[in-house]
Structures are given as C-alpha cells and as structure tokens.
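The block underneath contains the structure these notes are about, expressed in structure tokens.
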Amino acid sequence: MDEPLLVVEGLTKAYPGVVANDGVSFSVARGEIHALLGENGAGKSTLVKMIYGLVRPDAGRMRLSGQDYAPSEPREARARGVAMVFQHFSLFDALSVAENVALGMEAPPPMTRLAERIRAVSEAYGLPLDPDRTVATLSAGERQRVEIIRCLLQDPRLLIMDEPTSVLTPQEVEILFETLRKLAAEGTAILYISHKLEEIRALCDAATILRRGKVVATCTPRETSAAALAELMVGAAFQAPERQPVEPGQVLLEVTKLDLPPDNPLGTSLREISLAVRAGEILGIGGVAGNGQEELVAALSGEATTAPGTVRIMGEPVGHLGPNPRRQRGLLTAPEERLGHAAAPDMTLVENTALTALARMNLARRGFIDWPRTRALAERIVRRFDVRTAGVEHAARSLSGGNLQKFVIGREILQEPRILVVNQPTWGVDAAAAAAIRQALMDLAAEGAAIVVVSQDLDELMEISDRFAALNGGRLSQSLPTRGLTVEQVGLMLGGTHGMHRPQEASHAAP
Amino acid sequence: MDLSAISPVLLLASLMVASTPILLAATGELVVERAGVLNLGVEGMMIVGAVTGFVAAVATDSPALGFVAAAAGGAALSLLFAFLTQILFTNQVASGLALTLFGLGLSALLGQGYIGVKAPVLPQIEIPGLVAIPVLGPILFRHDLMVYVSIALVAAVWLFLTRTRAGLVLRAVGENHDAAHALGYKVVRIRVLAILFGGALAGLGGAYISLVRVPQWTEGMTAGAGWIALAIVVFSSWRPWRVLVGAYLFGGVTVLQLNLQAAGIAIPVEYLSMAPYLVTIVVLVAISARRGRSAVNAPASLGKVFHGGA
C-alpha cells in the first residue's frame, strides 16, 4: 500500500473557551486497529466527530484512500466508507432491530431482505441477534451488536468505535475483540477510542495519544507498558491505588434474607439476599448487568423499602425507612446513572450538593438552606476530586460523564459516611480519575467505613475489595476473600454456582 | 321521552359527519406527536382554518377552494409555532397554549362581517350502487367528499408511518432526536414539516365545521373540538386506526347527546358534554395501569426541546 487509508493533517477545532483539537495529525493503514488514547476531555470525541462529518474542522485537511476528504455530514462519510459506533448508543428503543439498522443505512433493502442480511452478518461475525426484537428489550451488549451490524452492512473501509467496551461484560468484550480482529484481517481499518490501557495493549496495532487536544505521542501499544502509556496520557507519573490492610471492625451493614419484586416488567427480583459488611471493609459485588444490581442498590439506599429487619445499620432495623433517614444514620449511596438518578441534570452543582448532603451535613436551618456552606462543600468536592468544571454554579448536565462521576462519588465521600454503597463508581471515567476514585474509596475504608462496591469491572473489584460476591438472577453468592480467588472461581460464581461446594461432576456424569 | 324518535341509521350517518372535524385534526396531531412535538394549539389552528375556509369559500363561492384556504390558514398558524419551538427553542406547552388563544382572537377579528352569512354548500356524493345497500348504504356511502378524504388520510398516514422510509425516519426523530441527529437526519426540518402537516389538517377540520356541519361562521365555533382531538391522540396510543375508532367514538357521544336531548331525556346536558373527557381520563388511567412504557407507546422525545448538534 503506497498511502495509508486515512491521513489526518493539522486538524484544529476550537469551541468558545477551549481548543478541542490543536493541529492533530495521524494516519491509519488498511486492516490496522489504531487506538486513540487520551483522558476525558483530551479531544478524542471531537476528533472522530470531524472524521465522521458531525463536526466541521476550523483548519486542517484529511485524505481517505488517497483522495481529499472533507465530509459535511455523516451521510457523506458513510458514502465514502466511514462508519461509526457511538459511545452512547444511537439507538431507538421503541423500534425493532431491523428498523434501527435501516435508519443507519443509505439505501436499505426491503424489511424482509434486510432481516435476512442481519441474520447472515450477525452469524458470520459471531454476534447473534434477532432482527424482530424491540431494542428496549436488549442488553447493553446486544444493543452494541445492533450498532456494529448496522455499520458492517455497509462494508465500511474505516470503522470508528467510541469507547465500545465501557458497558460490556468481560465475556462480551472477548466476543467484540474476536469480531474486530476478524474485520481487521479482512482489511477493514478500525479506529478504536478508549482509555482502558490493557484493552488497547491486547487489541491495537498502533496508538495515537492525545492530551489537551494535541498529539503527544505515537507508539506501538504491544511494546509499551501500561504504566508508560498512562504516563503519556496523563502527562505525569501514574500512581496505582494502594491499599493498607485494615483489621475489620464491627458489622455496620447487615442484610438478611431480603426479597424484592422488581418495579418494572423488565427488572429482576431479588431473592434471599444476605450480606454483612464490617467497618474498614470493602465488599465487591460483581455480576453481568441486569442480574439485580440496580434493585440491590435501591434496596440498600432506601429507594425500595422492605421489611424492617431485612436491612440493619449497626443492628438497628432500617428496611422500612426511606433514603433520608438512612442517610442520617450514615448510609450513603451513589447510584449508577449519573444524569437523572445520581444528579439532577439541569440543577447546578451547588444544588445537587444540597440534594444529598442536606440531611447528613446539616445544611438546612428551620427549612432554609444554608447556601454559603453548601457552596463551600461543592467547591471542596470539585477541588478534592479534580472535577473539571467552569464553576459550581454550572448545571450538572454541562459536565462530561467522567467529571460528573467524580463529582457524585466525591459528594458522598466528603459527607464522611459510615456505610457507602456505590454502583459502577468508575464507569466511563479515565484511568487517572478512576484511580483517584478507587484510592478515595480505599482511604475511606481505612478510616473505618464499610463500603459496598457494585461493579461490572472485575479487575476493579479484585483491586479494591476485601471480599467478593456475585449477583446472578437476583441471588447473591456467598462472599469469599478476594485474596487468593482464582479466575475460575470468579467465573463459577458469576455463572450462578452458589456456595462453591456443590459437586461439579453432576453435569458430566453419565452420557 | 321517546327513544323511538332516534333513527339508528340517521344517528350513525350523522356520527360520521360529526366525527370528521376531530378525525382530521387528530390525524394531523398524531403525525406531529410521532415526530416528537407536542402542539397544544390544535384548537387555535382549527378555528383559524374555520374562518379562513369560510371567508375563502364565500369570496370564491367554491367550497373546495375554501378547504384549500383552510389548510393553508392552519398551516400558516402552525408555522408560527414551528418557528417558536424549533428555531427559538421555546417551551412547546406554553407556545401551544398561546397559539390556541392567539388563534381564537385572530379568527374573531378575521370573521367580523361574516357573521350570519351563508356558505356555499359542499355537495353530497352518493357512491353509485353501494348507496343502494340497505342500512349500510345510507350510513356509509352518502356523504360529502371530505368524509371520505378524512378516512383516506388515516389510511395514508398509517401507510406512511409503518411502510415508508420517510415514516420510519419521522418516528425515529420522535423516539430519540439526539440519535437521529447523530445518524445525520435533519431533526428540525422533519419536525417543521410534521408541524405544517398537522396545522393543515387542523385547518381542514375547522373548515369542515364552518362549511359543512354548521354551516356558518360564529366566534369560537370549534368549541373545544381541538382539545378532544388532542385527547384522542393519547387515547389511540399514537396509532392511526385507533384515532379513527376514537374519533368516531367521541363523535358518537356528541351525536347521541344531541339525539337524547331531542328525545327529551332527563339527564342534564352537561353530563353528556362531559362524557368524552371522562372517557379520555378513564382510558388514560387504564392504559398507564398496565406497566411499562410500551403499553403507553408515547414517542420518547415527545415535547422535549432539541438544541441541535454542537
């Protein structure tokens, strides 16, 4: 090949107050899996939006297959063979898989033919999918398949993937990587955006590293250590979280035989959940999405109430109490969904601080909010957790996902909880920020708090938790010490083999 | 009281006529809402259509030109709504309510001097052969053109929404405007077109009242038909054929109410006038009692402001 498939030269894009991309140049060869690596706000998304025609560059030029390339809209990009899988799925919940695919194509065939092609392609690439299903009923991994198949049906020459693994389970990530390798072997170039270093080292042939809108390095990720990549990305020595072992104290949070029906038809019911967390201890709860994580967090936070004795804070039955009484008793929660659940999107950071901190931090006097103190607390959260925002009077919606995540976790940690329940604490957060959040959780445990971390990131749970339990179909396995736990054991726990002592031979016995 | 004075055949035939204005307006609003826009100005667009249609029909002595002018009048008023909500990002609920109040005032102004004037009559079309069928013939096949047009429009909208690519794109825009934008569809353009279509159909519905049902011009003559049309869209869970059922159901209640009055039944008129709204409330409660959004089927982006892509 004389010229690479895509050549980007000096692309620049400025928004009011920030230069998102500043003279970015790199190239992608045919059949290459090329990583774009960078922290939140480094300009990765803006860059690929320019390549996909969603955003027009202020300066610079691009060449595709040796010809000038300046797409004015995504339609033009698709016509030239560029396809993109979005970070936040661009799917329509109420429509069927086939309709969703048709919407992403320039000239879709009639629905029956399209359904056949979807089946054929999904089987060829090991991504099984039923074209008639409504998207609302699909899991995160299946939704992503819809997007990928939508792209593949157009035989793209360049496939852009924006943080594709952030919502996937480890098994789904493996399937995705197989598909991507197969595509690359067939000559499709893949531009892969991520900040998960190990993934990039396992998958990508080349990497371009962005920092604050500029290319700071190009390297071969297989030959570069994760620590070196992280340093290039962050621009400073990278600190892995450290854990000082603490002697666990008394049981602070105890759950006994908790049953909970789901609050929507697609939910999971919790069955006989029992757990206990001691002071200074971190309990990690793993599991594939949709196995009762949200329901469990709701039952712990008080959003869903149960019989009094099922949940106890330091021995006191609180199962019948709502979130605020539990907050007053020291049990704080940071739910998963940042916009709309953990934070009110259109309210300012100060107001969002008041929303969860009023009860525990005594921010209200006779019903009137003490705004100066609330503001001071919001500013402390922003400083301590390095939340990048123009000011605490800005709406929560204006923060990038990772920054808002730092804010909602930091808000709970600074209230000095006795018990903290967090769901997916580092979802969509870059490596440095994730490390900071994990460190803060561990420091909190070291100070004697009991912490429950619900996460789908197994590496994260292995790194920070003392004990590990798995949720499967609304049931929680026994918890085992994390130290010494093997991958096979974790796999069995996730697969729903509870108790670990059940004979495994049963299924193999007798033909 | 003499219930035998009510002829079932005449009752059903007049039901179709009584339902046509709300059927037209509701079909238009259905398309608007499927595109994700909540236009509460149906009443205002109907009354403006009623007056422009009446004025044009009297001036040209042609009912057909009257309907064309009514569609244009309704669409013109809806263009104002489209400009406010899609270009200036105003709140759709407030803009829609303002549109209704503005339309009522504007129509009263335009209609001065036309009060008491008689409109040219829209001829009834008897479909040869079919009209001779006993019972069904007089009920179904002896109406004016607009009755048939309104039913054809329901079929056309159904076909458009479920069978065409443009209809799929329109539904996609109503379902998730951010995703539709990311795929490169022109959200604002599609919505403006849908709003114009809704305005035109509301205008036709209004003109049907002033040119056929009444037929003369009086201030505020739509008398809440636009609100019933809005209720029918929700009642139908945003499905075209159910709009037809809903419109005929509500039209039926109206006609029955008039007939019962004529028969001298003892129930106060007000109870009967409330009936359509009570039915709507009962249906809404029944629908949302079944859990899950799929049961309600509302377009997910309905009423949300789309700020365009950065």
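Every chain in the structure tokens has a letter given in the order shown (A, B, ...), and although residue numbers restart at 1 in each chain, ligands are simply numbered from 1 in the order shown.
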
**Study point:** Contacts of Gly290 in chain A at 10 Å (only C-alpha atoms; same-chain gap of 4+ positions) as a ChimeraX atom specification
**Key:** /A:139-140,266-268,294-295,471-474

Point to revise | Distance filter 7 Å, only C-alpha atoms, chain B against chain A, as a ChimeraX atom specification | key: /B:169,172,175-176,179,182-184,291-292

Review point. With only C-alpha atoms as the atoms that count, which of A:Gly31, A:Pro261, A:Gly60, A:Pro4 lies nearest to Glu186 in chain A?
Key: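 Selected residue with least distance to Glu186 in chain A: A:Gly31.
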
Exercise for review: Excluding Leu210 in chain A and residues on its chain fewer than 3 positions from it, collect all residues at most 12 Å away from it, counting only C-alpha atoms, and give them as a ChimeraX atom specification.
Suggested key: /A:20-26,35-47,193-195,207,213-219,229-235

Residues just named, written with C-alpha atoms as a PDB file, in the first residue's frame:
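Final file, out-v4.pdb:
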ATOM      1  CA  ALA A  20     -10.644  20.762  21.486  1.00  0.00           C
ATOM      2  CA  ASN A  21      -8.167  19.784  18.773  1.00  0.00           C
ATOM      3  CA  ASP A  22      -4.974  21.658  18.015  1.00  0.00           C
ATOM      4  CA  GLY A  23      -3.155  20.637  14.830  1.00  0.00           C
ATOM      5  CA  VAL A  24      -3.832  16.924  15.163  1.00  0.00           C
ATOM      6  CA  SER A  25      -2.081  14.701  12.602  1.00  0.00           C
ATOM      7  CA  PHE A  26      -2.011  10.907  12.328  1.00  0.00           C
ATOM      8  CA  ALA A  35      -6.073   3.296  19.119  1.00  0.00           C
ATOM      9  CA  LEU A  36      -6.899   6.878  20.006  1.00  0.00           C
ATOM     10  CA  LEU A  37      -5.904   7.214  23.603  1.00  0.00           C
ATOM     11  CA  GLY A  38      -6.482  10.078  25.974  1.00  0.00           C
ATOM     12  CA  GLU A  39      -8.103  11.269  29.170  1.00  0.00           C
ATOM     13  CA  ASN A  40     -11.640  12.647  29.335  1.00  0.00           C
ATOM     14  CA  GLY A  41     -11.625  15.960  27.537  1.00  0.00           C
ATOM     15  CA  ALA A  42      -8.422  15.249  25.594  1.00  0.00           C
ATOM     16  CA  GLY A  43     -10.322  15.792  22.348  1.00  0.00           C
ATOM     17  CA  LYS A  44     -10.830  12.211  21.142  1.00  0.00           C
ATOM     18  CA  SER A  45     -14.566  12.549  20.603  1.00  0.00           C
ATOM     19  CA  THR A  46     -14.278  15.842  18.754  1.00  0.00           C
ATOM     20  CA  LEU A  47     -11.625  14.338  16.506  1.00  0.00           C
ATOM     21  CA  ILE A 193     -11.141   5.055  21.150  1.00  0.00           C
ATOM     22  CA  SER A 194     -10.594   4.045  24.723  1.00  0.00           C
ATOM     23  CA  HIS A 195      -8.811   4.832  27.909  1.00  0.00           C
ATOM     24  CA  ALA A 207      -1.785   4.112  19.097  1.00  0.00           C
ATOM     25  CA  GLY A 213      -6.189  18.489  22.186  1.00  0.00           C
ATOM     26  CA  LYS A 214      -2.669  17.738  20.918  1.00  0.00           C
ATOM     27  CA  VAL A 215      -0.936  14.594  19.755  1.00  0.00           C
ATOM     28  CA  VAL A 216       1.727  13.890  22.358  1.00  0.00           C
ATOM     29  CA  ALA A 217       2.973  10.516  21.146  1.00  0.00           C
ATOM     30  CA  THR A 218       2.503   7.698  18.677  1.00  0.00           C
ATOM     31  CA  CYS A 219       3.552   4.219  19.697  1.00  0.00           C
ATOM     32  CA  LEU A 229       1.006   4.583  28.210  1.00  0.00           C
ATOM     33  CA  ALA A 230      -0.737   6.012  31.247  1.00  0.00           C
ATOM     34  CA  GLU A 231       2.123   8.417  31.801  1.00  0.00           C
ATOM     35  CA  LEU A 232       1.943   9.610  28.214  1.00  0.00           C
ATOM     36  CA  MET A 233      -1.797  10.050  28.552  1.00  0.00           C
ATOM     37  CA  VAL A 234      -1.854  11.864  31.873  1.00  0.00           C
ATOM     38  CA  GLY A 235       1.439  13.678  31.400  1.00  0.00           C
TER      39      GLY A 235
END

**Study point:** Among listed residues B:Thr218, B:Lys304, B:Tyr148, B:Leu110, nearest Ile125 in chain B (using only C-alpha atoms)
**Key:**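 Checking each of B:Thr218, B:Lys304, B:Tyr148, B:Leu110 against Ile125 in chain B, counting only C-alpha atoms, the winner is B:Tyr148.
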
**Study point:** range 34-38 of chain B surroundings by only C-alpha atoms, 7 Å radius, close-in-sequence under 3 positions cut, as a list of chain:residue names
**Key:**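 Listing them by chain and then by number gives B:Leu30, B:Val31, B:Gln92, B:Val93, B:Leu170, B:Arg171, B:Val173, B:Gly174, B:Glu175, B:Arg191, B:Ala194, B:Pro299, B:Ser301, B:Leu302, B:Gly303.
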
Within 9 Å of Ala207 in chain B, counting only C-alpha atoms, which residues show up once you throw out same-chain ones fewer than 2 positions away? Write them as a short mmCIF file (atom, residue, chain, number, x, y, z; two decimals) with N, CA and C atoms, in the first residue's frame, please.
data_model
loop_
_atom_site.label_atom_id
_atom_site.label_comp_id
_atom_site.auth_asym_id
_atom_site.auth_seq_id
_atom_site.Cartn_x
_atom_site.Cartn_y
_atom_site.Cartn_z
N PRO B 21 -64.45 16.49 11.77
CA PRO B 21 -63.52 17.56 12.18
C PRO B 21 -62.46 17.05 13.16
N MET B 46 -57.53 25.04 14.35
CA MET B 46 -58.84 24.67 13.80
C MET B 46 -59.71 25.90 13.57
N ILE B 47 -59.73 26.79 14.55
CA ILE B 47 -60.64 27.94 14.42
C ILE B 47 -60.14 28.89 13.33
N VAL B 48 -58.80 28.99 13.19
CA VAL B 48 -58.28 29.83 12.11
C VAL B 48 -58.61 29.19 10.76
N GLY B 49 -58.50 27.85 10.69
CA GLY B 49 -58.91 27.16 9.47
C GLY B 49 -60.38 27.37 9.19
N ALA B 50 -61.19 27.36 10.26
CA ALA B 50 -62.62 27.54 10.07
C ALA B 50 -62.92 28.90 9.46
N VAL B 51 -62.26 29.94 9.95
CA VAL B 51 -62.59 31.28 9.45
C VAL B 51 -61.98 31.51 8.06
N THR B 52 -60.71 31.09 7.84
CA THR B 52 -60.13 31.32 6.51
C THR B 52 -60.88 30.52 5.46
N GLY B 53 -61.26 29.28 5.83
CA GLY B 53 -62.02 28.47 4.89
C GLY B 53 -63.35 29.11 4.56
N PHE B 54 -64.01 29.63 5.58
CA PHE B 54 -65.33 30.24 5.38
C PHE B 54 -65.21 31.49 4.50
N GLY B 66 -62.38 26.84 -0.47
CA GLY B 66 -62.46 27.14 0.96
C GLY B 66 -61.61 26.17 1.76
N PHE B 67 -61.70 24.87 1.44
CA PHE B 67 -60.90 23.89 2.18
C PHE B 67 -59.41 24.09 1.93
N ALA B 70 -58.36 26.87 4.01
CA ALA B 70 -58.35 26.49 5.42
C ALA B 70 -57.07 25.73 5.77
N ALA B 71 -56.67 24.81 4.88
CA ALA B 71 -55.44 24.08 5.10
C ALA B 71 -54.26 25.04 5.15
N ALA B 202 -55.55 20.34 10.86
CA ALA B 202 -56.40 21.01 11.84
C ALA B 202 -57.24 22.07 11.14
N GLY B 203 -56.63 22.79 10.17
CA GLY B 203 -57.36 23.79 9.41
C GLY B 203 -58.52 23.16 8.64
N LEU B 204 -58.27 22.01 8.01
CA LEU B 204 -59.34 21.31 7.29
C LEU B 204 -60.48 20.94 8.24
N GLY B 205 -60.08 20.45 9.43
CA GLY B 205 -61.09 20.05 10.42
C GLY B 205 -61.94 21.24 10.81
N ILE B 209 -66.22 22.24 10.07
CA ILE B 209 -67.26 22.72 10.99
C ILE B 209 -67.98 23.93 10.40
N SER B 210 -67.21 24.91 9.88
CA SER B 210 -67.82 26.17 9.44
C SER B 210 -68.49 26.03 8.07
N LEU B 211 -68.05 25.06 7.25
CA LEU B 211 -68.60 24.95 5.90
C LEU B 211 -69.64 23.83 5.76
N VAL B 212 -69.56 22.79 6.60
CA VAL B 212 -70.45 21.65 6.41
C VAL B 212 -71.37 21.45 7.61
#

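Near Gly309 in chain A, within 8 Å and counting only C-alpha atoms, sit A:Thr256, A:Pro317, A:Val318, A:Gly319; same-chain residues fewer than 6 positions away were not included.
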
Point to revise | Distance of CA of Leu355 in chain A from CA of Asp370 in chain A, expressed in Å to one decimal place | key: 12.4 Å

Practice item. For range 268-276 of chain B, please output as JSON, numbers by chain all residues within 7 Å (counting only C-alpha atoms; exclusion window: fewer than 2 positions along the same chain). Key: {"B": [250, 253, 257, 266, 278, 279, 280]}

Could you write those residues out with N, CA and C atoms, as an mmCIF file, in the first residue's frame?
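again-v2.cif, written as the output of this step:
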data_model
loop_
_atom_site.group_PDB
_atom_site.id
_atom_site.type_symbol
_atom_site.label_atom_id
_atom_site.label_comp_id
_atom_site.auth_asym_id
_atom_site.auth_seq_id
_atom_site.Cartn_x
_atom_site.Cartn_y
_atom_site.Cartn_z
ATOM 1 N N PHE B 250 -66.005 9.383 20.024
ATOM 2 C CA PHE B 250 -66.324 10.682 20.616
ATOM 3 C C PHE B 250 -67.388 11.397 19.793
ATOM 4 N N VAL B 253 -70.647 9.982 20.793
ATOM 5 C CA VAL B 253 -71.154 10.513 22.058
ATOM 6 C C VAL B 253 -71.817 11.862 21.835
ATOM 7 N N GLN B 257 -75.726 12.550 22.289
ATOM 8 C CA GLN B 257 -76.130 13.567 23.246
ATOM 9 C C GLN B 257 -77.205 14.481 22.639
ATOM 10 N N ALA B 266 -83.999 12.795 30.561
ATOM 11 C CA ALA B 266 -83.932 13.607 31.771
ATOM 12 C C ALA B 266 -82.516 13.949 32.245
ATOM 13 N N LEU B 278 -64.444 12.504 30.252
ATOM 14 C CA LEU B 278 -64.394 11.459 31.276
ATOM 15 C C LEU B 278 -63.877 10.150 30.686
ATOM 16 N N VAL B 279 -64.372 9.832 29.477
ATOM 17 C CA VAL B 279 -63.910 8.611 28.817
ATOM 18 C C VAL B 279 -62.401 8.672 28.615
ATOM 19 N N THR B 280 -61.888 9.856 28.180
ATOM 20 C CA THR B 280 -60.455 10.009 27.967
ATOM 21 C C THR B 280 -59.688 9.725 29.257
#

Review point. What does the distance between CA of Arg163 in chain B and CA of Val233 in chain B come to in Å, to one decimal place?
Key: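 Interatomic distance, CA of Arg163 in chain B to CA of Val233 in chain B: 20.2 Å.
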